[in-house]
$ cat entry-v1.pdb   # PDB, C-alpha atoms
ATOM      1  CA  MET A   6    -175.259 -47.187  97.706  1.00  0.00           C
ATOM      2  CA  THR A   7    -175.030 -48.462  94.115  1.00  0.00           C
ATOM      3  CA  THR A   8    -176.911 -46.350  91.571  1.00  0.00           C
ATOM      4  CA  ALA A   9    -178.524 -47.551  88.342  1.00  0.00           C
ATOM      5  CA  THR A  10    -175.700 -45.832  86.445  1.00  0.00           C
ATOM      6  CA  ASP A  11    -173.076 -47.709  88.492  1.00  0.00           C
ATOM      7  CA  ALA A  12    -174.821 -51.040  87.881  1.00  0.00           C
ATOM      8  CA  THR A  13    -175.079 -50.333  84.152  1.00  0.00           C
ATOM      9  CA  GLU A  14    -171.401 -49.396  83.944  1.00  0.00           C
ATOM     10  CA  GLU A  15    -170.452 -52.517  85.903  1.00  0.00           C
ATOM     11  CA  MET A  16    -172.508 -54.608  83.474  1.00  0.00           C
ATOM     12  CA  PHE A  17    -171.432 -53.032  80.156  1.00  0.00           C
ATOM     13  CA  GLY A  18    -168.346 -51.024  81.040  1.00  0.00           C
ATOM     14  CA  ASP A  19    -167.316 -47.870  79.214  1.00  0.00           C
ATOM     15  CA  MET A  20    -169.648 -47.210  76.272  1.00  0.00           C
ATOM     16  CA  GLY A  21    -166.818 -45.328  74.556  1.00  0.00           C
ATOM     17  CA  LEU A  22    -164.891 -48.616  74.308  1.00  0.00           C
ATOM     18  CA  TRP A  23    -167.923 -50.329  72.769  1.00  0.00           C
ATOM     19  CA  GLN A  24    -168.274 -47.478  70.289  1.00  0.00           C
ATOM     20  CA  SER A  25    -164.581 -47.757  69.356  1.00  0.00           C
ATOM     21  CA  MET A  26    -165.056 -51.486  68.737  1.00  0.00           C
ATOM     22  CA  LEU A  27    -168.090 -50.811  66.526  1.00  0.00           C
ATOM     23  CA  ASP A  28    -166.149 -48.139  64.634  1.00  0.00           C
ATOM     24  CA  ARG A  29    -163.343 -50.655  63.980  1.00  0.00           C
ATOM     25  CA  GLN A  30    -165.947 -53.077  62.578  1.00  0.00           C
ATOM     26  CA  ARG A  31    -167.675 -50.348  60.526  1.00  0.00           C
ATOM     27  CA  GLU A  32    -167.425 -52.205  57.196  1.00  0.00           C
ATOM     28  CA  LEU A  33    -169.570 -55.005  58.579  1.00  0.00           C
ATOM     29  CA  PHE A  34    -172.462 -52.624  59.236  1.00  0.00           C
ATOM     30  CA  VAL A  35    -172.247 -50.379  56.145  1.00  0.00           C
ATOM     31  CA  GLY A  36    -174.701 -52.538  54.182  1.00  0.00           C
ATOM     32  CA  MET A  37    -177.300 -52.565  56.945  1.00  0.00           C
ATOM     33  CA  ASP A  38    -180.395 -50.367  56.801  1.00  0.00           C
ATOM     34  CA  THR A  39    -180.581 -47.272  58.984  1.00  0.00           C
ATOM     35  CA  GLY A  40    -182.555 -48.163  62.093  1.00  0.00           C
ATOM     36  CA  SER A  41    -181.369 -51.793  62.225  1.00  0.00           C
ATOM     37  CA  ARG A  42    -180.957 -52.658  65.909  1.00  0.00           C
ATOM     38  CA  ILE A  43    -179.127 -55.290  67.938  1.00  0.00           C
ATOM     39  CA  GLY A  44    -179.515 -55.515  71.703  1.00  0.00           C
ATOM     40  CA  PHE A  45    -177.500 -57.041  74.541  1.00  0.00           C
ATOM     41  CA  VAL A  46    -178.954 -57.753  77.937  1.00  0.00           C
ATOM     42  CA  SER A  47    -177.656 -59.599  80.993  1.00  0.00           C
ATOM     43  CA  ARG A  48    -179.152 -63.058  81.469  1.00  0.00           C
ATOM     44  CA  GLU A  49    -179.101 -62.720  85.247  1.00  0.00           C
ATOM     45  CA  ALA A  50    -180.582 -59.202  85.329  1.00  0.00           C
ATOM     46  CA  SER A  51    -183.302 -59.986  82.788  1.00  0.00           C
ATOM     47  CA  GLY A  52    -184.305 -63.371  84.156  1.00  0.00           C
ATOM     48  CA  ILE A  53    -184.146 -64.877  80.660  1.00  0.00           C
ATOM     49  CA  LEU A  54    -182.915 -68.392  81.295  1.00  0.00           C
ATOM     50  CA  PRO A  55    -182.168 -71.308  78.959  1.00  0.00           C
ATOM     51  CA  GLY A  56    -185.093 -73.663  78.480  1.00  0.00           C
ATOM     52  CA  LYS A  57    -187.701 -71.206  79.700  1.00  0.00           C
ATOM     53  CA  ARG A  58    -190.774 -70.892  77.492  1.00  0.00           C
ATOM     54  CA  LEU A  59    -191.200 -67.559  75.712  1.00  0.00           C
ATOM     55  CA  GLU A  60    -194.573 -66.958  77.405  1.00  0.00           C
ATOM     56  CA  GLY A  61    -192.784 -66.972  80.750  1.00  0.00           C
ATOM     57  CA  LEU A  62    -190.443 -64.226  79.591  1.00  0.00           C
ATOM     58  CA  GLN A  63    -193.071 -61.636  78.715  1.00  0.00           C
ATOM     59  CA  VAL A  64    -193.472 -60.053  82.162  1.00  0.00           C
ATOM     60  CA  MET A  65    -190.493 -58.751  84.101  1.00  0.00           C
ATOM     61  CA  ALA A  66    -190.475 -57.362  87.621  1.00  0.00           C
ATOM     62  CA  ALA A  67    -188.422 -54.315  86.602  1.00  0.00           C
ATOM     63  CA  GLU A  68    -186.680 -52.779  83.629  1.00  0.00           C
ATOM     64  CA  VAL A  69    -183.015 -53.647  83.207  1.00  0.00           C
ATOM     65  CA  PRO A  70    -180.236 -52.026  81.161  1.00  0.00           C
ATOM     66  CA  LEU A  71    -179.964 -52.984  77.508  1.00  0.00           C
ATOM     67  CA  MET A  72    -177.012 -52.083  75.328  1.00  0.00           C
ATOM     68  CA  ALA A  73    -178.466 -51.188  71.942  1.00  0.00           C
ATOM     69  CA  TRP A  74    -176.464 -51.041  68.741  1.00  0.00           C
ATOM     70  CA  GLU A  75    -178.269 -49.042  66.061  1.00  0.00           C
ATOM     71  CA  VAL A  76    -177.305 -48.240  62.495  1.00  0.00           C
ATOM     72  CA  GLU A  77    -177.436 -44.468  62.042  1.00  0.00           C
ATOM     73  CA  ASN A  78    -175.442 -41.879  60.095  1.00  0.00           C
ATOM     74  CA  GLY A  79    -173.679 -44.572  58.080  1.00  0.00           C
ATOM     75  CA  GLY A  80    -172.337 -46.477  61.097  1.00  0.00           C
ATOM     76  CA  MET A  81    -173.327 -48.452  64.165  1.00  0.00           C
ATOM     77  CA  SER A  82    -173.835 -46.527  67.417  1.00  0.00           C
ATOM     78  CA  ALA A  83    -173.914 -47.957  70.937  1.00  0.00           C
ATOM     79  CA  ARG A  84    -176.091 -46.642  73.752  1.00  0.00           C
ATOM     80  CA  ILE A  85    -177.789 -47.803  76.923  1.00  0.00           C
ATOM     81  CA  GLU A  86    -181.568 -48.124  76.935  1.00  0.00           C
ATOM     82  CA  ARG A  87    -184.095 -49.875  79.153  1.00  0.00           C
ATOM     83  CA  PHE A  88    -185.350 -53.429  78.535  1.00  0.00           C
ATOM     84  CA  ALA A  89    -188.778 -54.272  79.894  1.00  0.00           C
ATOM     85  CA  GLY A  90    -189.185 -57.702  78.329  1.00  0.00           C
ATOM     86  CA  MET A  91    -189.423 -59.532  75.043  1.00  0.00           C
ATOM     87  CA  SER A  92    -192.841 -58.199  74.074  1.00  0.00           C
ATOM     88  CA  SER A  93    -191.760 -54.562  74.222  1.00  0.00           C
ATOM     89  CA  THR A  94    -188.231 -54.827  72.848  1.00  0.00           C
ATOM     90  CA  ARG A  95    -187.419 -52.737  69.773  1.00  0.00           C
ATOM     91  CA  VAL A  96    -184.482 -54.749  68.454  1.00  0.00           C
ATOM     92  CA  ASP A  97    -184.133 -57.052  65.470  1.00  0.00           C
ATOM     93  CA  LEU A  98    -181.716 -59.355  67.292  1.00  0.00           C
ATOM     94  CA  LEU A  99    -181.282 -59.812  71.036  1.00  0.00           C
ATOM     95  CA  LEU A 100    -178.213 -61.379  72.607  1.00  0.00           C
ATOM     96  CA  VAL A 101    -178.669 -62.473  76.219  1.00  0.00           C
ATOM     97  CA  ALA A 102    -175.281 -62.883  77.878  1.00  0.00           C
ATOM     98  CA  ASP A 103    -174.532 -64.623  81.152  1.00  0.00           C
ATOM     99  CA  ARG A 104    -172.132 -63.126  83.706  1.00  0.00           C
ATOM    100  CA  GLU A 105    -169.131 -65.022  82.295  1.00  0.00           C
ATOM    101  CA  ALA A 106    -169.909 -63.745  78.786  1.00  0.00           C
ATOM    102  CA  MET A 107    -170.321 -60.155  80.009  1.00  0.00           C
ATOM    103  CA  ASP A 108    -166.989 -60.329  81.847  1.00  0.00           C
ATOM    104  CA  THR A 109    -165.246 -61.916  78.840  1.00  0.00           C
ATOM    105  CA  MET A 110    -166.582 -59.286  76.443  1.00  0.00           C
ATOM    106  CA  LEU A 111    -165.414 -56.464  78.718  1.00  0.00           C
ATOM    107  CA  VAL A 112    -161.915 -57.942  78.931  1.00  0.00           C
ATOM    108  CA  GLU A 113    -161.711 -58.506  75.160  1.00  0.00           C
ATOM    109  CA  LEU A 114    -163.259 -55.215  73.958  1.00  0.00           C
ATOM    110  CA  GLY A 115    -159.992 -54.105  72.379  1.00  0.00           C
ATOM    111  CA  GLY A 116    -159.691 -57.297  70.326  1.00  0.00           C
ATOM    112  CA  ASP A 117    -161.902 -58.998  67.762  1.00  0.00           C
ATOM    113  CA  MET A 118    -165.218 -58.760  69.587  1.00  0.00           C
ATOM    114  CA  LEU A 119    -167.187 -60.585  66.897  1.00  0.00           C
ATOM    115  CA  LYS A 120    -164.952 -63.656  67.267  1.00  0.00           C
ATOM    116  CA  THR A 121    -165.453 -63.408  71.016  1.00  0.00           C
ATOM    117  CA  ILE A 122    -169.237 -63.206  70.643  1.00  0.00           C
ATOM    118  CA  LYS A 123    -169.181 -66.113  68.164  1.00  0.00           C
ATOM    119  CA  ARG A 124    -167.230 -68.236  70.667  1.00  0.00           C
ATOM    120  CA  LEU A 125    -169.575 -67.305  73.528  1.00  0.00           C
ATOM    121  CA  ILE A 126    -172.669 -68.179  71.462  1.00  0.00           C
ATOM    122  CA  ARG A 127    -171.173 -71.587  70.618  1.00  0.00           C
ATOM    123  CA  ARG A 128    -170.333 -72.236  74.282  1.00  0.00           C
ATOM    124  CA  GLY A 129    -173.883 -71.348  75.332  1.00  0.00           C
ATOM    125  CA  ASN A 130    -172.869 -68.253  77.297  1.00  0.00           C
ATOM    126  CA  ILE A 131    -174.895 -66.057  74.944  1.00  0.00           C
ATOM    127  CA  MET A 132    -178.438 -66.888  73.878  1.00  0.00           C
ATOM    128  CA  PHE A 133    -179.566 -65.438  70.561  1.00  0.00           C
ATOM    129  CA  PHE A 134    -183.146 -64.289  69.834  1.00  0.00           C
ATOM    130  CA  VAL A 135    -184.392 -63.127  66.429  1.00  0.00           C
ATOM    131  CA  PHE A 136    -187.372 -60.747  66.140  1.00  0.00           C
ATOM    132  CA  ARG A 137    -187.505 -60.498  62.330  1.00  0.00           C
ATOM    133  CA  ASN A 138    -188.028 -63.190  59.740  1.00  0.00           C
ATOM    134  CA  LYS A 139    -185.304 -64.319  57.373  1.00  0.00           C
ATOM    135  CA  ALA A 140    -186.491 -62.140  54.471  1.00  0.00           C
ATOM    136  CA  GLN A 141    -186.666 -59.036  56.677  1.00  0.00           C
ATOM    137  CA  LEU A 142    -183.160 -59.651  58.012  1.00  0.00           C
ATOM    138  CA  GLN A 143    -181.819 -60.221  54.518  1.00  0.00           C
ATOM    139  CA  ASP A 144    -183.513 -57.067  53.207  1.00  0.00           C
ATOM    140  CA  ALA A 145    -182.081 -55.063  56.128  1.00  0.00           C
ATOM    141  CA  GLY A 146    -178.543 -56.271  55.339  1.00  0.00           C
ATOM    142  CA  TYR A 147    -177.858 -58.581  58.293  1.00  0.00           C
ATOM    143  CA  GLU A 148    -176.302 -61.384  56.236  1.00  0.00           C
ATOM    144  CA  ASP A 149    -172.627 -60.409  56.726  1.00  0.00           C
ATOM    145  CA  PHE A 150    -173.104 -59.691  60.434  1.00  0.00           C
ATOM    146  CA  LEU A 151    -174.801 -63.032  61.085  1.00  0.00           C
ATOM    147  CA  GLU A 152    -172.202 -64.902  59.062  1.00  0.00           C
ATOM    148  CA  SER A 153    -169.420 -63.184  61.048  1.00  0.00           C
ATOM    149  CA  LEU A 154    -170.947 -64.765  64.153  1.00  0.00           C
ATOM    150  CA  GLY A 155    -170.936 -68.173  62.486  1.00  0.00           C
ATOM    151  CA  LEU A 156    -174.720 -68.328  62.320  1.00  0.00           C
ATOM    152  CA  ALA A 157    -176.170 -70.021  59.261  1.00  0.00           C
ATOM    153  CA  PHE A 158    -178.317 -67.479  57.507  1.00  0.00           C
ATOM    154  CA  LEU A 159    -179.153 -68.422  53.966  1.00  0.00           C
ATOM    155  CA  GLY A 160    -177.816 -71.960  54.097  1.00  0.00           C
ATOM    156  CA  ALA A 161    -175.693 -73.652  51.469  1.00  0.00           C
ATOM    157  CA  CYS A 162    -178.264 -73.293  48.695  1.00  0.00           C
ATOM    158  CA  ARG A 163    -178.884 -69.821  47.333  1.00  0.00           C
TER     159      ARG A 163
END

$ encode --input "entry-v1.pdb" --output "structure tokens"
Amino acid sequence: MTTATDATEEMFGDMGLWQSMLDRQRELFVGMDTGSRIGFVSREASGILPGKRLEGLQVMAAEVPLMAWEVENGGMSARIERFAGMSSTRVDLLLVADREAMDTMLVELGGDMLKTIKRLIRRGNIMFFVFRNKAQLQDAGYEDFLESLGLAFLGACR
């Protein structure tokens, strides 16, 4: 019988490897406010599908694992939490990865994960949801992180 812990580990792998990756990328997160949060959830587990209206995503049958990255103690920490839907999420940014993206990220954890995530977003394997407005993200220090993913943040005119 597969336990919730087994399913979470199969989905996200060893959290120590994620933490090592975040530690290697520490400089990218130094300028972010304490409490800034980024979440990852499986597209298949969450039921969040491309083209589905946001209203249809509010109610989920069950909670699913969410990998949360949170700025604390001067760095970014990774942990597993529960995701019960868009309306109750406590993240600033949510990345919803399909099975191929999850597998690719696990294989490439020792490399440049941000390049991997950037590539997967461009290919459509990762959907990207923003829960803060542009000014809030800028004030919280997300500019460098978003630019590292190749996402236009402030545009060409400043």

$ closest_residue --input "entry-v1.pdb" --among "A:Met16, A:Met81, A:Leu151, A:Ala67" --to "Val135 in chain A" --atoms "only C-alpha atoms"
A:Leu151

$ atom_distance --input "entry-v1.pdb" --atom1 "CA of Leu22 in chain A" --atom2 "CA of Phe150 in chain A"
19.6 Å

$ closest_residue --input "entry-v1.pdb" --among "A:Pro70, A:Gly80, A:Gly155, A:Gly146" --to "Gly36 in chain A" --atoms "only C-alpha atoms"
A:Gly146

$ residues_around --input "entry-v1.pdb" --residues "Arg128 in chain A" --least-positions-apart "4" --cutoff "12 Å" --atoms "only C-alpha atoms" --output "list in words"
Ala102, Asp103, Glu105, Ala106, Thr121, Ile122, Lys123, Arg124 and Met132 of chain A

$ atom_distance --input "entry-v1.pdb" --atom1 "CA of Glu75 in chain A" --atom2 "CA of Gly40 in chain A"
5.9 Å

$ residues_around --input "entry-v1.pdb" --residues "Ala83 in chain A" --least-positions-apart "2" --cutoff "9 Å" --atoms "only C-alpha atoms" --output "compact mmCIF listing (two decimals) with C-alpha atoms, in the coordinates of the input"
# COMPACT_ATOMS: atom_id res chain seq x y z
CA MET A 20 -169.65 -47.21 76.27
CA GLY A 21 -166.82 -45.33 74.56
CA TRP A 23 -167.92 -50.33 72.77
CA GLN A 24 -168.27 -47.48 70.29
CA LEU A 27 -168.09 -50.81 66.53
CA MET A 72 -177.01 -52.08 75.33
CA ALA A 73 -178.47 -51.19 71.94
CA TRP A 74 -176.46 -51.04 68.74
CA GLU A 75 -178.27 -49.04 66.06
CA MET A 81 -173.33 -48.45 64.17
CA ILE A 85 -177.79 -47.80 76.92

$ resolve_selection --input "entry-v1.pdb" --expression "the PyMOL selection byres ((chain A and resi 33) around 12)" --output "list in words"
Met26, Leu27, Asp28, Arg29, Gln30, Arg31, Glu32, Phe34, Val35, Gly36, Met37, Asp38, Val76, Gly79, Gly80, Met81, Leu119, Gly146, Tyr147, Glu148, Asp149, Phe150, Leu151, Glu152, Ser153 and Leu154 of chain A

$ closest_residue --input "entry-v1.pdb" --among "A:Met107, A:Ala89, A:Leu71, A:Leu98" --to "Lys139 in chain A" --atoms "all atoms listed in the file"
A:Leu98

$ closest_residue --input "entry-v1.pdb" --among "A:Ile131, A:Ala157, A:Gly52, A:Arg84" --to "Asp108 in chain A" --atoms "all atoms listed in the file"
A:Ile131

$ atom_distance --input "entry-v1.pdb" --atom1 "CA of Phe134 in chain A" --atom2 "CA of Ser41 in chain A"
14.7 Å

$ closest_residue --input "entry-v1.pdb" --among "A:Glu15, A:Phe136, A:Gln143, A:Ser25" --to "Ile43 in chain A" --atoms "all atoms listed in the file"
A:Phe136

$ closest_residue --input "entry-v1.pdb" --among "A:Val96, A:Val101, A:Ile53, A:Leu114" --to "Asn130 in chain A" --atoms "all atoms listed in the file"
A:Val101
